[in-house]
file my_file07.tsv (TSV, C-alpha atoms)
chain	number	residue	atom	x	y	z
Z	6	MET	CA	-12.24	-10.77	-32.72
Z	7	ASP	CA	-10.55	-13.16	-30.30
Z	8	GLU	CA	-8.58	-11.94	-27.31
Z	9	ILE	CA	-5.57	-14.07	-26.34
Z	10	GLU	CA	-4.67	-13.24	-22.76
Z	11	ARG	CA	-2.89	-14.69	-19.72
Z	12	ARG	CA	-3.68	-13.42	-16.20
Z	13	PHE	CA	-1.59	-13.72	-13.03
Z	14	LEU	CA	-2.41	-12.95	-9.41
Z	15	VAL	CA	0.63	-11.12	-8.04
Z	16	GLU	CA	1.73	-12.62	-4.72
Z	17	LYS	CA	5.00	-10.72	-4.23
Z	18	PHE	CA	6.92	-7.86	-5.79
Z	19	SER	CA	10.70	-7.99	-6.05
Z	20	THR	CA	12.76	-6.13	-3.48
Z	21	LYS	CA	15.66	-6.00	-5.94
Z	22	PHE	CA	13.63	-4.41	-8.78
Z	23	PRO	CA	11.06	-1.92	-7.44
Z	24	PHE	CA	7.74	-1.41	-9.19
Z	25	PRO	CA	8.19	1.51	-11.66
Z	26	LEU	CA	5.92	4.28	-10.41
Z	27	ASP	CA	6.34	6.32	-13.61
Z	28	LEU	CA	4.30	3.90	-15.78
Z	29	PRO	CA	1.23	5.36	-17.53
Z	30	LYS	CA	-1.82	4.70	-15.36
Z	31	PHE	CA	-5.59	4.87	-15.73
Z	32	HIS	CA	-8.45	4.83	-13.24
Z	33	ILE	CA	-11.00	2.23	-14.36
Z	34	ARG	CA	-14.54	1.60	-13.16
Z	35	GLN	CA	-15.91	-1.63	-14.51
Z	36	GLY	CA	-19.42	-3.08	-14.18
Z	37	TYR	CA	-21.04	-6.31	-15.31
Z	38	PHE	CA	-24.61	-7.09	-16.26
Z	39	GLU	CA	-25.70	-10.46	-14.90
Z	40	LEU	CA	-26.40	-12.82	-17.79
Z	41	PRO	CA	-28.16	-16.21	-17.70
Z	42	ILE	CA	-25.50	-17.61	-20.07
Z	43	VAL	CA	-22.59	-19.54	-18.54
Z	44	ASP	CA	-19.08	-18.31	-19.44
Z	45	SER	CA	-20.33	-15.08	-21.02
Z	46	SER	CA	-20.07	-11.53	-19.79
Z	47	PHE	CA	-21.37	-8.11	-20.80
Z	48	ARG	CA	-19.28	-5.32	-19.33
Z	49	VAL	CA	-19.10	-1.54	-19.29
Z	50	ARG	CA	-15.73	0.07	-18.57
Z	51	ILE	CA	-15.22	3.76	-17.80
Z	52	ILE	CA	-11.63	4.98	-18.17
Z	53	ASP	CA	-10.56	8.16	-16.33
Z	54	ASN	CA	-14.16	9.45	-16.58
Z	55	ARG	CA	-13.36	10.33	-20.22
Z	56	GLU	CA	-14.33	7.28	-22.24
Z	57	ALA	CA	-16.73	4.35	-21.88
Z	58	ILE	CA	-16.47	0.99	-23.63
Z	59	LEU	CA	-19.01	-1.82	-23.83
Z	60	CYS	CA	-17.61	-5.35	-24.15
Z	61	ILE	CA	-19.06	-8.82	-24.69
Z	62	LYS	CA	-16.82	-11.83	-23.90
Z	63	SER	CA	-17.58	-15.53	-24.01
Z	64	GLY	CA	-15.89	-18.86	-23.50
Z	65	LYS	CA	-13.01	-19.97	-21.31
Z	66	GLY	CA	-9.29	-20.35	-21.70
Z	67	ILE	CA	-6.48	-18.24	-23.07
Z	68	ARG	CA	-8.34	-17.43	-26.32
Z	69	ARG	CA	-11.81	-15.92	-25.94
Z	70	PRO	CA	-14.13	-14.18	-28.41
Z	71	GLU	CA	-14.43	-10.49	-27.51
Z	72	THR	CA	-16.41	-7.63	-29.06
Z	73	GLU	CA	-15.83	-4.04	-27.89
Z	74	SER	CA	-17.55	-0.80	-28.79
Z	75	LYS	CA	-17.00	2.73	-27.48
Z	76	THR	CA	-20.15	4.47	-26.36
Z	77	GLU	CA	-21.05	7.69	-28.13
Z	78	THR	CA	-20.85	9.63	-24.87
Z	79	VAL	CA	-19.29	8.90	-21.49
Z	80	ASP	CA	-22.65	9.84	-19.89
Z	81	PHE	CA	-24.28	6.84	-21.57
Z	82	GLY	CA	-21.50	4.64	-20.17
Z	83	LYS	CA	-22.00	6.07	-16.68
Z	84	LYS	CA	-25.75	5.36	-16.85
Z	85	ALA	CA	-25.06	1.80	-18.03
Z	86	PHE	CA	-22.50	1.39	-15.22
Z	87	GLY	CA	-25.17	2.44	-12.72
Z	88	LEU	CA	-27.40	-0.41	-13.93
Z	89	CYS	CA	-24.72	-3.11	-13.56
Z	90	SER	CA	-25.23	-5.94	-11.09
Z	91	HIS	CA	-21.56	-6.11	-10.06
Z	92	ARG	CA	-18.88	-3.41	-10.05
Z	93	LEU	CA	-15.22	-2.90	-9.27
Z	94	GLU	CA	-12.62	-0.16	-9.43
Z	95	LYS	CA	-8.93	-0.41	-10.18
Z	96	VAL	CA	-5.88	1.55	-11.25
Z	97	ARG	CA	-4.24	0.05	-14.32
Z	98	HIS	CA	-0.52	0.57	-15.00
Z	99	LYS	CA	0.67	-0.06	-18.58
Z	100	ASP	CA	4.11	-1.57	-19.06
Z	101	GLY	CA	4.45	-2.37	-22.76
Z	102	ARG	CA	2.00	-5.23	-23.38
Z	103	TRP	CA	1.64	-5.89	-19.66
Z	104	GLU	CA	-1.24	-4.37	-17.68
Z	105	ILE	CA	-0.89	-4.36	-13.90
Z	106	ASP	CA	-4.19	-3.78	-12.07
Z	107	PHE	CA	-4.31	-2.59	-8.45
Z	108	PHE	CA	-7.87	-3.09	-7.22
Z	109	SER	CA	-9.72	-0.68	-4.91
Z	110	ARG	CA	-11.99	-1.38	-1.92
Z	111	PRO	CA	-13.32	-3.88	-1.11
Z	112	LEU	CA	-10.75	-5.68	-3.29
Z	113	ASP	CA	-7.76	-3.62	-2.07
Z	114	GLY	CA	-4.56	-5.61	-1.89
Z	115	ILE	CA	-5.43	-7.69	-4.95
Z	116	ILE	CA	-3.03	-7.11	-7.86
Z	117	VAL	CA	-3.46	-8.82	-11.23
Z	118	ALA	CA	-0.93	-8.74	-14.08
Z	119	GLU	CA	-2.13	-9.63	-17.56
Z	120	ILE	CA	-0.59	-9.78	-20.98
Z	121	GLU	CA	-2.30	-9.88	-24.36
Z	122	LEU	CA	-0.55	-12.35	-26.64
Z	123	ARG	CA	-0.28	-12.56	-30.43
Z	124	SER	CA	-0.74	-16.36	-30.39
Z	125	VAL	CA	-1.69	-19.03	-27.86
Z	126	ASP	CA	1.83	-20.48	-27.78
Z	127	GLU	CA	3.73	-17.17	-27.71
Z	128	LYS	CA	6.54	-17.16	-25.15
Z	129	PHE	CA	6.78	-14.23	-22.73
Z	130	GLU	CA	8.61	-13.16	-19.60
Z	131	MET	CA	7.08	-11.82	-16.42
Z	132	PRO	CA	8.17	-8.24	-15.61
Z	133	LYS	CA	11.29	-8.33	-13.42
Z	134	TYR	CA	9.53	-6.45	-10.60
Z	135	ILE	CA	7.08	-9.36	-10.11
Z	136	GLU	CA	8.80	-12.02	-8.01
Z	137	GLU	CA	5.91	-14.44	-7.40
Z	138	ALA	CA	2.59	-14.86	-9.22
Z	139	ILE	CA	-0.07	-17.54	-9.75
Z	140	GLU	CA	-1.71	-17.99	-13.14
Z	141	VAL	CA	-5.46	-17.34	-12.82
Z	142	THR	CA	-6.45	-17.00	-16.49
Z	143	ASP	CA	-9.71	-18.93	-16.07
Z	144	SER	CA	-10.13	-19.11	-12.33
Z	145	LEU	CA	-10.08	-15.42	-11.33
Z	146	THR	CA	-11.53	-13.13	-13.98
Z	147	SER	CA	-12.48	-9.50	-13.42
Z	148	HIS	CA	-16.10	-10.68	-13.56
Z	149	HIS	CA	-15.39	-13.03	-10.62
Z	150	LEU	CA	-13.78	-10.15	-8.74
Z	151	ALA	CA	-16.73	-7.83	-9.45
Z	152	ARG	CA	-19.10	-10.46	-8.02
Z	153	LEU	CA	-16.87	-10.78	-4.96
Z	154	ALA	CA	-16.80	-6.99	-4.56
Z	155	SER	CA	-20.63	-6.95	-4.61
Z	156	GLU	CA	-20.74	-9.59	-1.87
Z	157	LEU	CA	-18.20	-7.80	0.33
Z	158	GLU	CA	-19.35	-4.19	-0.22
Z	159	GLY	CA	-19.94	-2.51	3.14
Z	160	SER	CA	-19.10	-5.65	5.15
Z	161	GLY	CA	-15.63	-4.55	6.25
Z	162	ILE	CA	-14.34	-8.02	5.25
Z	163	SER	CA	-11.13	-8.14	3.24
Z	164	ALA	CA	-11.13	-9.98	-0.08
Z	165	LEU	CA	-7.49	-11.08	0.33
Z	166	PRO	CA	-8.10	-14.15	2.54
Z	167	PHE	CA	-10.81	-15.34	0.18
Z	168	VAL	CA	-8.72	-14.88	-2.95
Z	169	PHE	CA	-5.48	-16.32	-1.52
Z	170	GLY	CA	-7.07	-18.90	0.78
Z	171	TYR	CA	-9.25	-20.82	-1.63
Z	172	SER	CA	-8.44	-22.87	-4.70
Z	173	PHE	CA	-8.93	-21.11	-8.01
Z	174	THR	CA	-12.00	-22.68	-9.50
Z	175	SER	CA	-14.89	-21.09	-11.32
Z	176	ILE	CA	-17.38	-19.43	-9.00
Z	177	PRO	CA	-20.77	-21.11	-9.48
Z	178	ARG	CA	-24.11	-19.35	-9.52
Z	179	ILE	CA	-27.17	-20.78	-7.78
Z	180	VAL	CA	-30.53	-19.55	-9.03
Z	181	ILE	CA	-33.57	-19.93	-6.80
Z	182	THR	CA	-36.87	-19.37	-8.55
Z	183	GLY	CA	-40.51	-19.69	-7.62
Z	184	GLY	CA	-43.71	-17.77	-7.23
Z	185	PRO	CA	-44.64	-15.49	-4.34
Z	186	CYS	CA	-44.53	-17.18	-0.92
Z	187	SER	CA	-42.87	-20.31	-2.33
Z	188	GLY	CA	-39.99	-20.23	0.19
Z	189	LYS	CA	-37.20	-18.49	-1.76
Z	190	SER	CA	-36.31	-16.15	1.13
Z	191	THR	CA	-36.40	-19.00	3.65
Z	192	ILE	CA	-34.01	-21.10	1.53
Z	193	MET	CA	-31.66	-18.11	1.11
Z	194	ASP	CA	-31.65	-17.51	4.89
Z	195	LEU	CA	-30.76	-21.18	5.47
Z	196	MET	CA	-27.87	-20.95	2.98
Z	197	ARG	CA	-26.31	-17.85	4.60
Z	198	PRO	CA	-23.35	-18.54	6.91
Z	199	MET	CA	-24.06	-18.30	10.63
Z	200	ASN	CA	-22.22	-15.48	12.48

call {"tool": "encode", "arguments": {"input": "my_file07.tsv", "output": "structure tokens"}}
result
Amino acid sequence: MDEIERRFLVEKFSTKFPFPLDLPKFHIRQGYFELPIVDSSFRVRIIDNREAILCIKSGKGIRRPETESKTETVDFGKKAFGLCSHRLEKVRHKDGRWEIDFFSRPLDGIIVAEIELRSVDEKFEMPKYIEEAIEVTDSLTSHHLARLASELEGSGISALPFVFGYSFTSIPRIVITGGPCSGKSTIMDLMRPMN
């Protein structure tokens, strides 16, 4: 089944219309398995420690093929989550068809609003409590954020300057391969930023 979704990075909430704190909310842990296939993701999501869902997504754009399946037990989902290459945590608030995600450390301060649409050209309005937002449908996926969280984990560096300070383009992957003692570690050390 295809998912039709638009995503927005929230820059500013309205002072006139406060964010409704009484919205239903869920604690979500989400992990991604690293795949060698560009523009594809395999995810496990654990919701409120009560249910686990596996999901495969592919492609780019507003419409993307998506297949979801609940795991038989949440314990299986937790074990799969433990094997993921990249992880993130967030609190999701549901406001009708809108989902507002407040990310946890090391992504704290990042807020993403998304809406699932019935068709690609469906018109919609941003919730009145969101004053400013940037569309990031392709350029800042949860998979991108999970990779960023992996890079920043334990560093004490905030993700906010990275997310707001750089243009929203796909995050590339560089793969360095070779046999033992072929120089992979040396190349990686040369590519790391100097402190």

call {"tool": "closest_residue", "arguments": {"input": "my_file07.tsv", "among": "Z:Leu59, Z:Leu88, Z:Val168, Z:Met131", "to": "His149 (chain Z)", "atoms": "all atoms listed in the file"}}
result
Z:Val168

call {"tool": "closest_residue", "arguments": {"input": "my_file07.tsv", "among": "Z:Ser90, Z:Thr72, Z:Ser63, Z:Ser19", "to": "Ala138 (chain Z)", "atoms": "only C-alpha atoms"}}
result
Z:Ser19

call {"tool": "atom_distance", "arguments": {"input": "my_file07.tsv", "atom1": "CA of Asp143 (chain Z)", "atom2": "CA of Glu104 (chain Z)"}}
result
16.9 Å

call {"tool": "residues_near_point", "arguments": {"input": "my_file07.tsv", "point": "(-20.5, 0.2, -14.3)", "cutoff": "9 Å", "atoms": "all atoms listed in the file", "output": "ChimeraX atom specification"}}
result
/Z:34-38,48-51,82-93

call {"tool": "write_last_selection", "arguments": {"input": "my_file07.tsv", "atoms": "C-alpha atoms", "output": "PDB file, in the frame of the given file"}}
result
ATOM      1  CA  ARG Z  34     -14.540   1.600 -13.160  1.00  0.00           C
ATOM      2  CA  GLN Z  35     -15.910  -1.630 -14.510  1.00  0.00           C
ATOM      3  CA  GLY Z  36     -19.420  -3.080 -14.180  1.00  0.00           C
ATOM      4  CA  TYR Z  37     -21.040  -6.310 -15.310  1.00  0.00           C
ATOM      5  CA  PHE Z  38     -24.610  -7.090 -16.260  1.00  0.00           C
ATOM      6  CA  ARG Z  48     -19.280  -5.320 -19.330  1.00  0.00           C
ATOM      7  CA  VAL Z  49     -19.100  -1.540 -19.290  1.00  0.00           C
ATOM      8  CA  ARG Z  50     -15.730   0.070 -18.570  1.00  0.00           C
ATOM      9  CA  ILE Z  51     -15.220   3.760 -17.800  1.00  0.00           C
ATOM     10  CA  GLY Z  82     -21.500   4.640 -20.170  1.00  0.00           C
ATOM     11  CA  LYS Z  83     -22.000   6.070 -16.680  1.00  0.00           C
ATOM     12  CA  LYS Z  84     -25.750   5.360 -16.850  1.00  0.00           C
ATOM     13  CA  ALA Z  85     -25.060   1.800 -18.030  1.00  0.00           C
ATOM     14  CA  PHE Z  86     -22.500   1.390 -15.220  1.00  0.00           C
ATOM     15  CA  GLY Z  87     -25.170   2.440 -12.720  1.00  0.00           C
ATOM     16  CA  LEU Z  88     -27.400  -0.410 -13.930  1.00  0.00           C
ATOM     17  CA  CYS Z  89     -24.720  -3.110 -13.560  1.00  0.00           C
ATOM     18  CA  SER Z  90     -25.230  -5.940 -11.090  1.00  0.00           C
ATOM     19  CA  HIS Z  91     -21.560  -6.110 -10.060  1.00  0.00           C
ATOM     20  CA  ARG Z  92     -18.880  -3.410 -10.050  1.00  0.00           C
ATOM     21  CA  LEU Z  93     -15.220  -2.900  -9.270  1.00  0.00           C
TER      22      LEU Z  93
END

call {"tool": "closest_residue", "arguments": {"input": "my_file07.tsv", "among": "Z:Cys186, Z:Val180, Z:Ile33, Z:Ile67", "to": "Leu122 (chain Z)", "atoms": "only C-alpha atoms"}}
result
Z:Ile67

call {"tool": "closest_residue", "arguments": {"input": "my_file07.tsv", "among": "Z:Glu156, Z:Glu10, Z:Glu16, Z:Asp194", "to": "Glu137 (chain Z)", "atoms": "all atoms listed in the file"}}
result
Z:Glu16

call {"tool": "build_atoms", "arguments": {"input": "my_file07.tsv", "residues": "region 56-78 of chain Z", "atoms": "N, CA and C atoms", "output": "PDB file, in the coordinates of the input"}}
result
ATOM      1  N   GLU Z  56     -13.855   8.144 -21.164  1.00  0.00           N
ATOM      2  CA  GLU Z  56     -14.330   7.280 -22.240  1.00  0.00           C
ATOM      3  C   GLU Z  56     -14.999   6.051 -21.635  1.00  0.00           C
ATOM      4  N   ALA Z  57     -16.000   5.538 -22.327  1.00  0.00           N
ATOM      5  CA  ALA Z  57     -16.730   4.350 -21.880  1.00  0.00           C
ATOM      6  C   ALA Z  57     -16.763   3.340 -23.015  1.00  0.00           C
ATOM      7  N   ILE Z  58     -16.535   2.077 -22.651  1.00  0.00           N
ATOM      8  CA  ILE Z  58     -16.470   0.990 -23.630  1.00  0.00           C
ATOM      9  C   ILE Z  58     -17.363  -0.143 -23.177  1.00  0.00           C
ATOM     10  N   LEU Z  59     -18.207  -0.628 -24.082  1.00  0.00           N
ATOM     11  CA  LEU Z  59     -19.010  -1.820 -23.830  1.00  0.00           C
ATOM     12  C   LEU Z  59     -18.254  -3.018 -24.386  1.00  0.00           C
ATOM     13  N   CYS Z  60     -18.349  -4.162 -23.712  1.00  0.00           N
ATOM     14  CA  CYS Z  60     -17.610  -5.350 -24.150  1.00  0.00           C
ATOM     15  C   CYS Z  60     -18.432  -6.604 -23.871  1.00  0.00           C
ATOM     16  N   ILE Z  61     -18.447  -7.499 -24.841  1.00  0.00           N
ATOM     17  CA  ILE Z  61     -19.060  -8.820 -24.690  1.00  0.00           C
ATOM     18  C   ILE Z  61     -17.945  -9.849 -24.850  1.00  0.00           C
ATOM     19  N   LYS Z  62     -17.816 -10.749 -23.850  1.00  0.00           N
ATOM     20  CA  LYS Z  62     -16.820 -11.830 -23.900  1.00  0.00           C
ATOM     21  C   LYS Z  62     -17.544 -13.143 -23.671  1.00  0.00           C
ATOM     22  N   SER Z  63     -17.000 -14.209 -24.264  1.00  0.00           N
ATOM     23  CA  SER Z  63     -17.580 -15.530 -24.010  1.00  0.00           C
ATOM     24  C   SER Z  63     -16.486 -16.577 -24.016  1.00  0.00           C
ATOM     25  N   GLY Z  64     -16.824 -17.748 -23.497  1.00  0.00           N
ATOM     26  CA  GLY Z  64     -15.890 -18.860 -23.500  1.00  0.00           C
ATOM     27  C   GLY Z  64     -14.954 -18.857 -22.318  1.00  0.00           C
ATOM     28  N   LYS Z  65     -14.019 -19.814 -22.350  1.00  0.00           N
ATOM     29  CA  LYS Z  65     -13.010 -19.970 -21.310  1.00  0.00           C
ATOM     30  C   LYS Z  65     -11.666 -20.180 -21.973  1.00  0.00           C
ATOM     31  N   GLY Z  66     -10.617 -20.060 -21.190  1.00  0.00           N
ATOM     32  CA  GLY Z  66      -9.290 -20.350 -21.700  1.00  0.00           C
ATOM     33  C   GLY Z  66      -8.522 -19.107 -22.086  1.00  0.00           C
ATOM     34  N   ILE Z  67      -7.366 -19.340 -22.693  1.00  0.00           N
ATOM     35  CA  ILE Z  67      -6.480 -18.240 -23.070  1.00  0.00           C
ATOM     36  C   ILE Z  67      -7.067 -17.441 -24.228  1.00  0.00           C
ATOM     37  N   ARG Z  68      -7.740 -18.113 -25.163  1.00  0.00           N
ATOM     38  CA  ARG Z  68      -8.340 -17.430 -26.320  1.00  0.00           C
ATOM     39  C   ARG Z  68      -9.865 -17.355 -26.109  1.00  0.00           C
ATOM     40  N   ARG Z  69     -10.375 -16.116 -26.141  1.00  0.00           N
ATOM     41  CA  ARG Z  69     -11.810 -15.920 -25.940  1.00  0.00           C
ATOM     42  C   ARG Z  69     -12.340 -14.904 -26.946  1.00  0.00           C
ATOM     43  N   PRO Z  70     -13.516 -15.178 -27.537  1.00  0.00           N
ATOM     44  CA  PRO Z  70     -14.130 -14.180 -28.410  1.00  0.00           C
ATOM     45  C   PRO Z  70     -14.486 -12.926 -27.605  1.00  0.00           C
ATOM     46  N   GLU Z  71     -14.167 -11.760 -28.187  1.00  0.00           N
ATOM     47  CA  GLU Z  71     -14.430 -10.490 -27.510  1.00  0.00           C
ATOM     48  C   GLU Z  71     -14.878  -9.459 -28.545  1.00  0.00           C
ATOM     49  N   THR Z  72     -15.932  -8.721 -28.202  1.00  0.00           N
ATOM     50  CA  THR Z  72     -16.410  -7.630 -29.060  1.00  0.00           C
ATOM     51  C   THR Z  72     -16.495  -6.380 -28.201  1.00  0.00           C
ATOM     52  N   GLU Z  73     -15.816  -5.304 -28.626  1.00  0.00           N
ATOM     53  CA  GLU Z  73     -15.830  -4.040 -27.890  1.00  0.00           C
ATOM     54  C   GLU Z  73     -16.381  -2.924 -28.763  1.00  0.00           C
ATOM     55  N   SER Z  74     -17.037  -1.971 -28.091  1.00  0.00           N
ATOM     56  CA  SER Z  74     -17.550  -0.800 -28.790  1.00  0.00           C
ATOM     57  C   SER Z  74     -17.564   0.392 -27.846  1.00  0.00           C
ATOM     58  N   LYS Z  75     -16.949   1.502 -28.282  1.00  0.00           N
ATOM     59  CA  LYS Z  75     -17.000   2.730 -27.480  1.00  0.00           C
ATOM     60  C   LYS Z  75     -18.415   3.281 -27.524  1.00  0.00           C
ATOM     61  N   THR Z  76     -18.846   3.817 -26.381  1.00  0.00           N
ATOM     62  CA  THR Z  76     -20.150   4.470 -26.360  1.00  0.00           C
ATOM     63  C   THR Z  76     -20.001   5.855 -26.982  1.00  0.00           C
ATOM     64  N   GLU Z  77     -21.098   6.381 -27.486  1.00  0.00           N
ATOM     65  CA  GLU Z  77     -21.050   7.690 -28.130  1.00  0.00           C
ATOM     66  C   GLU Z  77     -20.680   8.783 -27.135  1.00  0.00           C
ATOM     67  N   THR Z  78     -21.188   8.651 -25.908  1.00  0.00           N
ATOM     68  CA  THR Z  78     -20.850   9.630 -24.870  1.00  0.00           C
ATOM     69  C   THR Z  78     -20.463   8.882 -23.596  1.00  0.00           C
TER      70      THR Z  78
END
